[in-house]
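As C-alpha cells, the structure follows; a few thoughts come after it.
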Amino acid sequence: MTDILRLSLPLTAWLAAFSAVYGLQGLVCSDRWAEAGLDLTAGRIALTTAWAAAVALQLVFLVVLHSPRFTSRSAFVHGVSRTLAVAALVATLWTLLPVVTTSACL
Amino acid sequence: MNALRRHRALERIWASRPGWRGKLTTVNNNDIGLMFLSLAVTFFAVGGILAMLIRAQLATPRSAFMGPDVYNQVFTMHGTVMMFLFAIPLFEGLTVYLLPKMLGTRDLAFPRLSAFGFWCYAFGGSLLIVSLLAGIAPESGWFMYPPLSSTLGSPGINADFWLLGITFVEISAISASVEIVVTVLLYRAPGMSLDKLPIFAWYMLVVAVMILTGFPPLILGSLLLELERAFGMPFFQAAAGGDSILWQHLFWLFGHPEVYIIFLPAAGVVSTVLPVMARTTLLGYGWIVAGAITLGVMSFGIWVHHMYATGIPHMGLAFFSAASTLVAVPTGVQIFAWIGTLWKGRPEMHLPMLWILAFFATFVMGGLTGVMVAMVPFDWQSHDTYFVVAHLHYVLVGGFVFPMLAGLYYWLPHFTGRQRYFKLGKTAFWLIVLGFHGTFLLLHWAGLLGMRRRIDSIEPGSGWELINLLASVGGFVMAIGFALVLIDVGVNVAVTVRGRRNPWGAGTLEWAMPSPSPSYNLASLPKVHSRNPLQDDPDLPVRIARGEGYLGDPGSGLREILAVEIASGRPSCLVIFPTNSALPIVMAFVTGGIFVGMLIKIYWLVPLSVLGVAALAAWWAWSLGNRGDLGLQPVGHGLVLLRASEVARPPGWWGSLFLLLADGVFFGALLFGYVFLWTVAPNWPPPAWLEPGLSGPLLALGGAVLAFGGIRLADRAIRCNAGPWLGLLLSLAGLAALGSAAITVLARTTHDAHAYDATLWVVAGYVVFHAAVAGLMTVFLVLRAGAGYLSARRIGEARIVRLWIDYAVAAAVLGLGAAWLPEVLT
Ligand SMILES: [Cu+2]
C-alpha cells in the first residue's frame with residue numbers, strides 16, 4: 001500500500017493544487033471576492049502564493065522520496081516514483097505558470 | 001493424479017451449469033468476459049448502423065432521408081452507444097477474460113460482482129435500445145448539455161432514457177473497476193511483485209482507478225439533471241440560482257478522463273502485442289508505467305479544454321491550455337518506447353502488427369490535431385465544427401478500435417484454440433484503414449471550411465458537398481471492412497483446424513493454459529520469477545497442468561485461489577470463491593426497478609427496489625465466511641496460509657475501500673458543485689441561508705462521536721472474544737442521530753425553491769443514505785455476531801463495517817458542516 005502511495009501521491013498533489021488554484025482564480029474573479037473587500041492585486045498575490053506553495057510541496061516530495069528513510073525497498077518502485085515526482089514538479093511549474101503571465105479576470 | 005483427472009476434477013468445481021441457463025447463473029470470468037465481448041460487439045454494430053445513417057443523410061445536400069427530429073436521435077445515440085455501450089464494455093470484457101490469466105490466477109476478485117455488472121450493462125443498454133426502437137431516444141447530443149436536455153429543451157421522456165440508462169450501465173463500469181483494482185493488487189501468481197506485473201495489468205490498474213474517480217462526476221451530473229427534470233430541483237436553471245455551466249464541468253470532469261480511459265487499455269494491448277510481434281521484450285517498462293500513471297492523473301486536470309467557448313477568463317483558459325499541451329509528453333514517452341521496441345526487435349508483419357502500424361499512423365495524427373485544439377485561439381475557430389468531429393474519431397478509432405483489432409487477431413488463437421486459416425482479415429484491414437481515412441481526413445477539411453457538427457443537412461453551394469459525398473463513400477467502405485472482420489472471425493471460429501498452444505511465442509501467462517481456456521484457467525498456480533515466465537521456462541504449461549504449482553490438489557472441492565501481498569507478491573492468504581448463483585442477475589433486475597420506476601414515473605417502485613437490493617445484498621453477504629476458526633491450511637509446496645475470512649483486511653475490505661474512493665469522489669464533486677454555484681451562479685446568494693438551529697448540530701456531533709467510538713468498542717470486544725453488543729448498539733444510535741441531523745436540514749428547506757435549497761437536499765439526502773447503509777451493515781454485523789461468524793481472528797467483516805461507518809461519519813460532518821457554514825459565516 002505504501003508503495004502505491006509513493007507512486008500516486010506527488011501527481012495527485014499536483015492535481016489537487018491545480019484544481020485549487022483554478023478554483024481560487026474563479027473566486028478572485030467572482031463578486032464574492034469584491035464583497036469581502038479585496039481587489040485584484042490581493043487576488044494576484046493570493047494566486048502567486050498558492051503556486052509557490054504547490055511548488056514547495058512538490059520539492060518536499062522529491063526530497064522525501066530520495067531520502068533513505070522513506071524510499072521504497074523495491075528498486076523499481078524507487079525509480080518510477082522518482083520519475084513521477086519529477087513529472088509532478090514540472091507539471092506544477094508549467095500548468096500554473098499563467099498566474100504570473102496572463103490577466104486574471106478578463 | 002494425472003493431468004486429465006485433475007482437469008476433470010477442476011472443471012467439476014469451476015464450470016458453469018450446462019446449457020443456456022448456465023449463462024444466467026455463471027460467475028466465471030471466462031463466460032462473463034465472452035458475454036461482455038459479444039454484447040459490446042453487438043452494440044458496435046448498432047452504433048455502426050447509426051453512423052451509416054448519418055453518412056447517408058449527409059451524402060447529398062438537402063437530403064430528405066431523415067427529418068431533423070430523427071437525425072438528432074441518430075447522432076446522439078451513435079455517440080452514446082459507441083462510448084458507453086461499446087468502448088468501455090469491450091475493454092471490460094477483454095479484461096475480465098484475460099486479466100486473471102495474465103496474472104497467473106484463476107478468476108477475478110469478486111466473481112459475483114462481475115456477473116452483477118454484466119447484467120446491469122445488459123439491462124441498462126436494453127433500455128436505450130428500446131428507446132431507439134420506439135423513436136423516443138435521447139436527442140440532445142451525447143454530452144447532453146442543459147437547457148437543451150432539461151425539460152425546457154427536451155420535455156419528453158427522451159433525455160430520461162439517457163440519464164437513467166447510462167447511470168444503470170455505469171454500475172457495471174464501477175463494479176468492473178473495483179474488481180480490476182483488487183485483482184491486480186491482491187490476486188497474482190506467487191512471486192509476481194509489482195515490477196513483474198504484465199504491462200497490461202499496470203495499464204488496467206490505472207484505468208480502473210480512473211473509472212472510479214472519473215465516472216462519479218457524471219453519475220452525479222445525471223442524478224442532478226434527472227432530479228431537475230423529475231422534481232423541478234433547479235440545479236441548472238439560472239433563474240432559480242442554478243447554472244447550466246455546472247453540467248459542463250461535471251460532464252467533462254468525467255468526459256476528458258474518459259478519453260484516456262478508452263485509450264489506455266488499447267495502449268496496454270499495444271504494449272503487450274508489439275514486443276511479441278517484434279520478437280523482443282518491451283523497451284522501457286518502468287518509463288511506460290510512469291507514462292501511464294502520469295497520463296492517468298493528468299487527464300483529470302484538462303477538462304476545461306472542452307469549455308473554451310463558454311466565457312471563462314483568460315487565466316483559467318491558460319491553465320487548461322498549458323495542461324493539455326503537457327499531456328502530449330507522457331503519450332510521447334509511450335510512443336517512443338514502442339518505436340524503440342520495434343527498433344531493437346525484428347518485427348514480423350502478421351495481421352496484429354499491421355493493425356498496430358495503422359494505430360500508430362492514425363493516433364499520432366489525432367494526437368497532433370489534439371494539440372491544435374488545445375490552443376485556445378485555434379479552438380475558438382474550430383469549436384463545434386467537423387474538425388473536432390474528425391479529431392475525436394482519429395483518437396478514438398485510431399487509438400482504440402485499431403489496437404483492439406490488433407488484440408482480436410493476436411488473441412484469436414487463444415480464444416478459439418484454432419489456427420487462423422482464411423485470410424479475409426487482410427482485405428478487411430485495407431478496407432477499414434482506407435475507408436476510415438477517406439472519411440475523416442476529408443472531414444477535417446469540411447470543418448476548416450466551417451461545417452458545423454450536428455447539422456442535419458447541408459446547403460447546396462456551401463462548398464461542403466463533394467467532401468461529404470466522398471466521406472460517405474469512405475464510411476461505407478469502412479463498414480464493409482468491419483462486416484468482413486466479423487465474417488472472418490466467424491469462419492475461423494467455426495471451420496479451421498486446431499492450432500498449437502502459444503503460436504506467437506509470447507511470454508505472458510495467458511498462453512500457459514490449454515486454449516480455449518478451461519473454466520479454472522490454471523490447473524495450479526505457478527511461481528513467477530520474471531515478466532515473461534513462459535520465455536524463461538517453455539515447459540511451464542506442462543508443469544502447471546501436472547499440478548506442480550500451488551493449489552494443484554482439487555481434493556477440497558472448493559474454488560480455491562491465492563491472495564498475495566501487494567508489493568512483494570508473496571502469498572498472503574487462501575480465498576474460497578463463491579459458486580454459480582442466480583443472485584447477480586436477480587439483483588441486477590431488482591436494481592433495474594430503481595431506474596425504470598424513475599423513468600416511467602412510478603415512484604413507489606424506487607424505494608421498494610432499493611429495499612429489495614438491500615435485502616439481496618444481505619443475503620449475498622450472509623453466504624460468505626465461516627462459523628469456526630479453521631487455522632492454517634496447506635496450499636502446496638509445504639506452504640500453509642490462513643483463510644481470507646481469518647485475516648484483518650480480507651479482499652472485501654479492499655473492495656470496500658476502492659468503492660468508497662468512488663463514493664468519495666462523488667461527494668467531492670457534489671461539494672464542488674455547491675461551491676461552484678456559490679461563487680459563479682448569477683442569482684446567488686439565495687433569499688435566505690439555512691439556520692442551523694441547535695438540535696441539528698448537537699445531533700450531528702453526538703452521533704459522530706457515538707458511531708465512531710461505538711464500532712471501535714465493538715472491535716475491541718471482538719478481539720477479546722467478548723460480545724460486541726454494547727459497541728454496536730452505540731454505533732447504531734450514533735448513525736440514527738446523524739441521519740436525524742440531516743433530516744433537520746431537509747425539514748428546514750424546500751427542494752425546489754432555489755438551487756441552494758436543492759443542493760442542500762442532495763447533500764442531506766447523501767448523509768441520510770450513508771447513515772442508513774452503515775446502519776444496515778451494523779445490524780447485519782449484530783446478526784453475524786449472534787450466529788457465530790465473528791471471532792478474534794475472524795474480524796474482517798467488522799473491519800469492513802467500520803470502514804463504512806467511518807465514511808458515513810466523515811460524510812455527515814463534512815456535508816452538514818457545509819450546509820450550515822454560510823449562515824454561521826454571515
Ligand atoms: Cu479532452
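Residue numbers start at 1 in each chain; chains themselves are named A, B, ... in the order of the C-alpha cells; ligands are numbered from 1 in the order shown.
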
Within 9 Å of chain A: residues of chain B, using only C-alpha atoms, as a ChimeraX atom specification = /B:194-195,286-287,289-291,293-294,297-298,300-301,312-316,318-324,326,566-568,676,678-680

Give as a VMD selection string the residues surrounding ligand 1 up to a distance of 9 Å, considering only C-alpha atoms and all ligand atoms.
-> chain B and resid 252 255 to 260 299 302 to 306 324 370 374

Pull N, CA and C atoms from the residues just selected and write them as a PDB file, in the first residue's frame.
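Below you can see part.pdb, which holds the result:
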ATOM      1  N   TRP B 252     -17.529  17.123 -18.197  1.00  0.00           N
ATOM      2  CA  TRP B 252     -16.169  16.980 -18.739  1.00  0.00           C
ATOM      3  C   TRP B 252     -15.170  16.547 -17.677  1.00  0.00           C
ATOM      4  N   GLY B 255     -15.708  13.454 -18.800  1.00  0.00           N
ATOM      5  CA  GLY B 255     -15.547  13.242 -20.236  1.00  0.00           C
ATOM      6  C   GLY B 255     -14.121  13.259 -20.720  1.00  0.00           C
ATOM      7  N   HIS B 256     -13.290  14.142 -20.146  1.00  0.00           N
ATOM      8  CA  HIS B 256     -11.921  14.072 -20.635  1.00  0.00           C
ATOM      9  C   HIS B 256     -11.188  12.831 -20.151  1.00  0.00           C
ATOM     10  N   PRO B 257     -11.210  12.550 -18.833  1.00  0.00           N
ATOM     11  CA  PRO B 257     -10.581  11.285 -18.420  1.00  0.00           C
ATOM     12  C   PRO B 257     -11.114  10.088 -19.212  1.00  0.00           C
ATOM     13  N   GLU B 258     -12.383  10.139 -19.568  1.00  0.00           N
ATOM     14  CA  GLU B 258     -12.989   9.063 -20.359  1.00  0.00           C
ATOM     15  C   GLU B 258     -12.179   8.759 -21.622  1.00  0.00           C
ATOM     16  N   VAL B 259     -11.668   9.808 -22.262  1.00  0.00           N
ATOM     17  CA  VAL B 259     -10.900   9.602 -23.486  1.00  0.00           C
ATOM     18  C   VAL B 259      -9.686   8.722 -23.191  1.00  0.00           C
ATOM     19  N   TYR B 260      -9.039   9.012 -22.043  1.00  0.00           N
ATOM     20  CA  TYR B 260      -7.863   8.211 -21.687  1.00  0.00           C
ATOM     21  C   TYR B 260      -8.257   6.873 -21.103  1.00  0.00           C
ATOM     22  N   SER B 299      -4.884  13.527 -16.991  1.00  0.00           N
ATOM     23  CA  SER B 299      -6.108  13.641 -17.779  1.00  0.00           C
ATOM     24  C   SER B 299      -7.252  14.214 -16.941  1.00  0.00           C
ATOM     25  N   ILE B 302      -7.550  18.550 -17.221  1.00  0.00           N
ATOM     26  CA  ILE B 302      -7.672  19.265 -18.501  1.00  0.00           C
ATOM     27  C   ILE B 302      -9.105  19.322 -18.989  1.00  0.00           C
ATOM     28  N   TRP B 303     -10.077  19.102 -18.068  1.00  0.00           N
ATOM     29  CA  TRP B 303     -11.458  19.001 -18.558  1.00  0.00           C
ATOM     30  C   TRP B 303     -11.976  20.299 -19.174  1.00  0.00           C
ATOM     31  N   VAL B 304     -11.435  21.446 -18.720  1.00  0.00           N
ATOM     32  CA  VAL B 304     -11.998  22.715 -19.187  1.00  0.00           C
ATOM     33  C   VAL B 304     -11.636  22.995 -20.652  1.00  0.00           C
ATOM     34  N   HIS B 305     -10.698  22.207 -21.233  1.00  0.00           N
ATOM     35  CA  HIS B 305     -10.397  22.481 -22.651  1.00  0.00           C
ATOM     36  C   HIS B 305     -11.582  22.135 -23.564  1.00  0.00           C
ATOM     37  N   HIS B 306     -12.603  21.518 -23.010  1.00  0.00           N
ATOM     38  CA  HIS B 306     -13.835  21.320 -23.796  1.00  0.00           C
ATOM     39  C   HIS B 306     -14.769  22.515 -23.653  1.00  0.00           C
ATOM     40  N   SER B 324      -3.107  20.838 -21.153  1.00  0.00           N
ATOM     41  CA  SER B 324      -3.428  19.991 -22.311  1.00  0.00           C
ATOM     42  C   SER B 324      -2.205  19.747 -23.180  1.00  0.00           C
ATOM     43  N   GLY B 370      -5.063  17.127 -31.744  1.00  0.00           N
ATOM     44  CA  GLY B 370      -5.436  17.365 -30.349  1.00  0.00           C
ATOM     45  C   GLY B 370      -4.649  18.529 -29.767  1.00  0.00           C
ATOM     46  N   ALA B 374      -6.010  22.140 -28.459  1.00  0.00           N
ATOM     47  CA  ALA B 374      -5.684  22.555 -27.088  1.00  0.00           C
ATOM     48  C   ALA B 374      -5.308  24.029 -27.036  1.00  0.00           C
TER      49      ALA B 374
END

Region 376-390 of chain B environment, 10 Å, only C-alpha atoms, sequence neighbours closer than 5 positions dropped, as a PyMOL selection string = chain B and resi 305-309+314+317-318+320-321+366+369-371+395-396+437+439-455

DSSP on the backbone: what in region 612-788 of chain B comes out strand (DSSP E or B), as an NGL selection string?
-> :B and (633-636 or 639-641 or 643)

Save the residues we just selected, N, CA, C and O atoms, as a CSV table (one decimal), in the first residue's frame?
chain,number,residue,atom,x,y,z
B,633,GLN,N,-4.0,-23.5,6.5
B,633,GLN,CA,-4.4,-24.5,5.5
B,633,GLN,C,-3.2,-24.8,4.6
B,633,GLN,O,-2.6,-23.8,4.2
B,634,PRO,N,-3.0,-26.0,4.2
B,634,PRO,CA,-1.9,-26.3,3.2
B,634,PRO,C,-2.3,-25.8,1.8
B,634,PRO,O,-3.5,-26.0,1.4
B,635,VAL,N,-1.4,-25.1,1.1
B,635,VAL,CA,-1.7,-24.7,-0.3
B,635,VAL,C,-0.7,-25.3,-1.3
B,635,VAL,O,-0.7,-24.9,-2.5
B,636,GLY,N,0.1,-26.2,-0.9
B,636,GLY,CA,1.1,-26.8,-1.8
B,636,GLY,C,2.5,-26.3,-1.5
B,636,GLY,O,2.7,-25.2,-0.9
B,639,LEU,N,3.6,-24.9,2.0
B,639,LEU,CA,3.2,-23.6,2.5
B,639,LEU,C,1.8,-23.7,3.1
B,639,LEU,O,1.0,-24.4,2.6
B,640,VAL,N,1.7,-23.0,4.3
B,640,VAL,CA,0.4,-23.0,4.9
B,640,VAL,C,-0.1,-21.6,5.1
B,640,VAL,O,0.7,-20.7,5.4
B,641,LEU,N,-1.3,-21.3,4.9
B,641,LEU,CA,-1.9,-20.0,4.9
B,641,LEU,C,-3.2,-19.9,5.6
B,641,LEU,O,-3.9,-21.0,5.6
B,643,ARG,N,-7.2,-18.7,5.9
B,643,ARG,CA,-8.3,-18.4,5.0
B,643,ARG,C,-8.4,-16.9,5.0
B,643,ARG,O,-8.2,-16.2,6.1

From the set A:Ala34, A:Arg69, A:Asp39, A:Ala17, which residue has the shortest atom-to-atom contact distance to Ala52 (chain A), counting only C-alpha atoms?
-> A:Ala17

Please provide as a PyMOL selection string all residues within 12 Å of region 236-243 of chain B, with the sequence filter that same-chain residues fewer than 5 positions apart are discarded (counting only C-alpha atoms).
-> chain B and resi 145-153+221-222+224-229+248-250+673-687+751-759

Quick one: pick out all helix (DSSP H, G or I) residues within chain A from a backbone DSSP run and write them as a PyMOL selection string.
-> chain A and resi 2-28+31-35+40-66+75-95+98-101

Leaving out region 201-210 of chain B and any residue of its chain fewer than 4 positions from it, which residues lie within 7 Å of it when counting only C-alpha atoms, given as a JSON list (two decimals) with all heavy atoms, in the first residue's frame?
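This went into out_1.json:
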[["chain", "number", "residue", "atom", "x", "y", "z"],
["B", 99, "LEU", "N", -7.38, -10.82, -17.88],
["B", 99, "LEU", "CA", -6.53, -10.36, -16.78],
["B", 99, "LEU", "C", -6.16, -11.46, -15.78],
["B", 99, "LEU", "O", -4.99, -11.61, -15.43],
["B", 99, "LEU", "CB", -7.19, -9.17, -16.08],
["B", 99, "LEU", "CG", -6.29, -8.45, -15.08],
["B", 99, "LEU", "CD1", -5.10, -7.80, -15.77],
["B", 99, "LEU", "CD2", -7.08, -7.40, -14.31],
["B", 177, "SER", "N", -14.40, -2.00, -12.22],
["B", 177, "SER", "CA", -13.17, -1.33, -11.78],
["B", 177, "SER", "C", -12.74, -1.77, -10.39],
["B", 177, "SER", "O", -11.56, -1.97, -10.13],
["B", 177, "SER", "CB", -13.36, 0.18, -11.79],
["B", 177, "SER", "OG", -13.80, 0.57, -13.04],
["B", 180, "ILE", "N", -11.12, -5.00, -10.89],
["B", 180, "ILE", "CA", -9.81, -4.96, -11.55],
["B", 180, "ILE", "C", -8.75, -4.48, -10.56],
["B", 180, "ILE", "O", -7.68, -5.08, -10.45],
["B", 180, "ILE", "CB", -9.87, -4.07, -12.80],
["B", 180, "ILE", "CG1", -10.73, -4.74, -13.87],
["B", 180, "ILE", "CG2", -8.47, -3.81, -13.35],
["B", 180, "ILE", "CD1", -11.09, -3.83, -15.03],
["B", 181, "VAL", "N", -9.06, -3.42, -9.81],
["B", 181, "VAL", "CA", -8.07, -2.91, -8.86],
["B", 181, "VAL", "C", -7.71, -3.99, -7.84],
["B", 181, "VAL", "O", -6.52, -4.27, -7.62],
["B", 181, "VAL", "CB", -8.61, -1.65, -8.13],
["B", 181, "VAL", "CG1", -7.64, -1.22, -7.05],
["B", 181, "VAL", "CG2", -8.83, -0.52, -9.11],
["B", 184, "VAL", "N", -5.68, -6.87, -9.46],
["B", 184, "VAL", "CA", -4.27, -6.58, -9.76],
["B", 184, "VAL", "C", -3.47, -6.46, -8.46],
["B", 184, "VAL", "O", -2.34, -6.92, -8.38],
["B", 184, "VAL", "CB", -4.14, -5.29, -10.60],
["B", 184, "VAL", "CG1", -2.68, -4.91, -10.78],
["B", 184, "VAL", "CG2", -4.80, -5.47, -11.96],
["B", 197, "LEU", "N", 4.71, -7.34, -12.91],
["B", 197, "LEU", "CA", 3.35, -7.35, -13.46],
["B", 197, "LEU", "C", 3.41, -7.32, -14.98],
["B", 197, "LEU", "O", 4.20, -6.57, -15.54],
["B", 197, "LEU", "CB", 2.61, -6.09, -13.02],
["B", 197, "LEU", "CG", 1.96, -6.02, -11.65],
["B", 197, "LEU", "CD1", 1.22, -4.71, -11.53],
["B", 197, "LEU", "CD2", 1.02, -7.17, -11.46],
["B", 214, "GLY", "N", -13.32, 8.98, -12.24],
["B", 214, "GLY", "CA", -13.84, 9.76, -13.36],
["B", 214, "GLY", "C", -15.34, 9.63, -13.57],
["B", 214, "GLY", "O", -15.99, 10.58, -13.98],
["B", 261, "ILE", "N", -9.45, 6.82, -20.50],
["B", 261, "ILE", "CA", -9.96, 5.53, -20.02],
["B", 261, "ILE", "C", -10.13, 4.60, -21.21],
["B", 261, "ILE", "O", -9.93, 3.39, -21.11],
["B", 261, "ILE", "CB", -11.29, 5.75, -19.26],
["B", 261, "ILE", "CG1", -11.02, 6.38, -17.89],
["B", 261, "ILE", "CG2", -12.04, 4.43, -19.09],
["B", 261, "ILE", "CD1", -12.27, 6.85, -17.17],
["B", 264, "LEU", "N", -6.12, 4.07, -22.78],
["B", 264, "LEU", "CA", -5.10, 3.32, -22.04],
["B", 264, "LEU", "C", -5.22, 1.79, -22.16],
["B", 264, "LEU", "O", -4.20, 1.12, -22.29],
["B", 264, "LEU", "CB", -5.05, 3.77, -20.58],
["B", 264, "LEU", "CG", -4.34, 5.11, -20.37],
["B", 264, "LEU", "CD1", -4.51, 5.59, -18.94],
["B", 264, "LEU", "CD2", -2.85, 5.01, -20.69],
["B", 265, "PRO", "N", -6.43, 1.21, -22.12],
["B", 265, "PRO", "CA", -6.48, -0.24, -22.33],
["B", 265, "PRO", "C", -5.93, -0.63, -23.70],
["B", 265, "PRO", "O", -5.26, -1.65, -23.85],
["B", 265, "PRO", "CB", -7.97, -0.57, -22.25],
["B", 265, "PRO", "CG", -8.58, 0.56, -21.52],
["B", 265, "PRO", "CD", -7.76, 1.77, -21.84],
["B", 268, "GLY", "N", -2.39, -0.59, -23.55],
["B", 268, "GLY", "CA", -1.97, -1.82, -22.86],
["B", 268, "GLY", "C", -1.89, -2.99, -23.83],
["B", 268, "GLY", "O", -0.97, -3.81, -23.77],
["B", 289, "VAL", "N", 5.29, 2.47, -17.45],
["B", 289, "VAL", "CA", 4.45, 2.51, -16.26],
["B", 289, "VAL", "C", 4.31, 3.96, -15.78],
["B", 289, "VAL", "O", 3.20, 4.45, -15.52],
["B", 289, "VAL", "CB", 5.03, 1.62, -15.15],
["B", 289, "VAL", "CG1", 4.30, 1.83, -13.84],
["B", 289, "VAL", "CG2", 4.98, 0.16, -15.56],
["B", 292, "ALA", "N", 2.04, 5.88, -18.13],
["B", 292, "ALA", "CA", 0.62, 5.55, -17.99],
["B", 292, "ALA", "C", 0.04, 6.21, -16.74],
["B", 292, "ALA", "O", -1.07, 6.77, -16.77],
["B", 292, "ALA", "CB", 0.43, 4.04, -17.94],
["B", 293, "ILE", "N", 0.80, 6.18, -15.64],
["B", 293, "ILE", "CA", 0.29, 6.79, -14.40],
["B", 293, "ILE", "C", 0.17, 8.31, -14.59],
["B", 293, "ILE", "O", -0.84, 8.91, -14.23],
["B", 293, "ILE", "CB", 1.21, 6.46, -13.22],
["B", 293, "ILE", "CG1", 1.20, 4.96, -12.93],
["B", 293, "ILE", "CG2", 0.79, 7.24, -11.97],
["B", 293, "ILE", "CD1", 2.16, 4.51, -11.85],
["B", 296, "GLY", "N", -2.75, 9.10, -16.72],
["B", 296, "GLY", "CA", -3.99, 8.87, -15.97],
["B", 296, "GLY", "C", -4.31, 10.05, -15.07],
["B", 296, "GLY", "O", -5.44, 10.55, -15.07]]

Can you tell me how far CA of Phe254 (chain B) sits from CA of Trp355 (chain B), in Å to one decimal?
->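 CA of Trp355 (chain B) lies at a distance of 28.8 Å from CA of Phe254 (chain B).
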
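CA of Phe43 (chain B) is found 22.6 Å from CA of Val473 (chain B).
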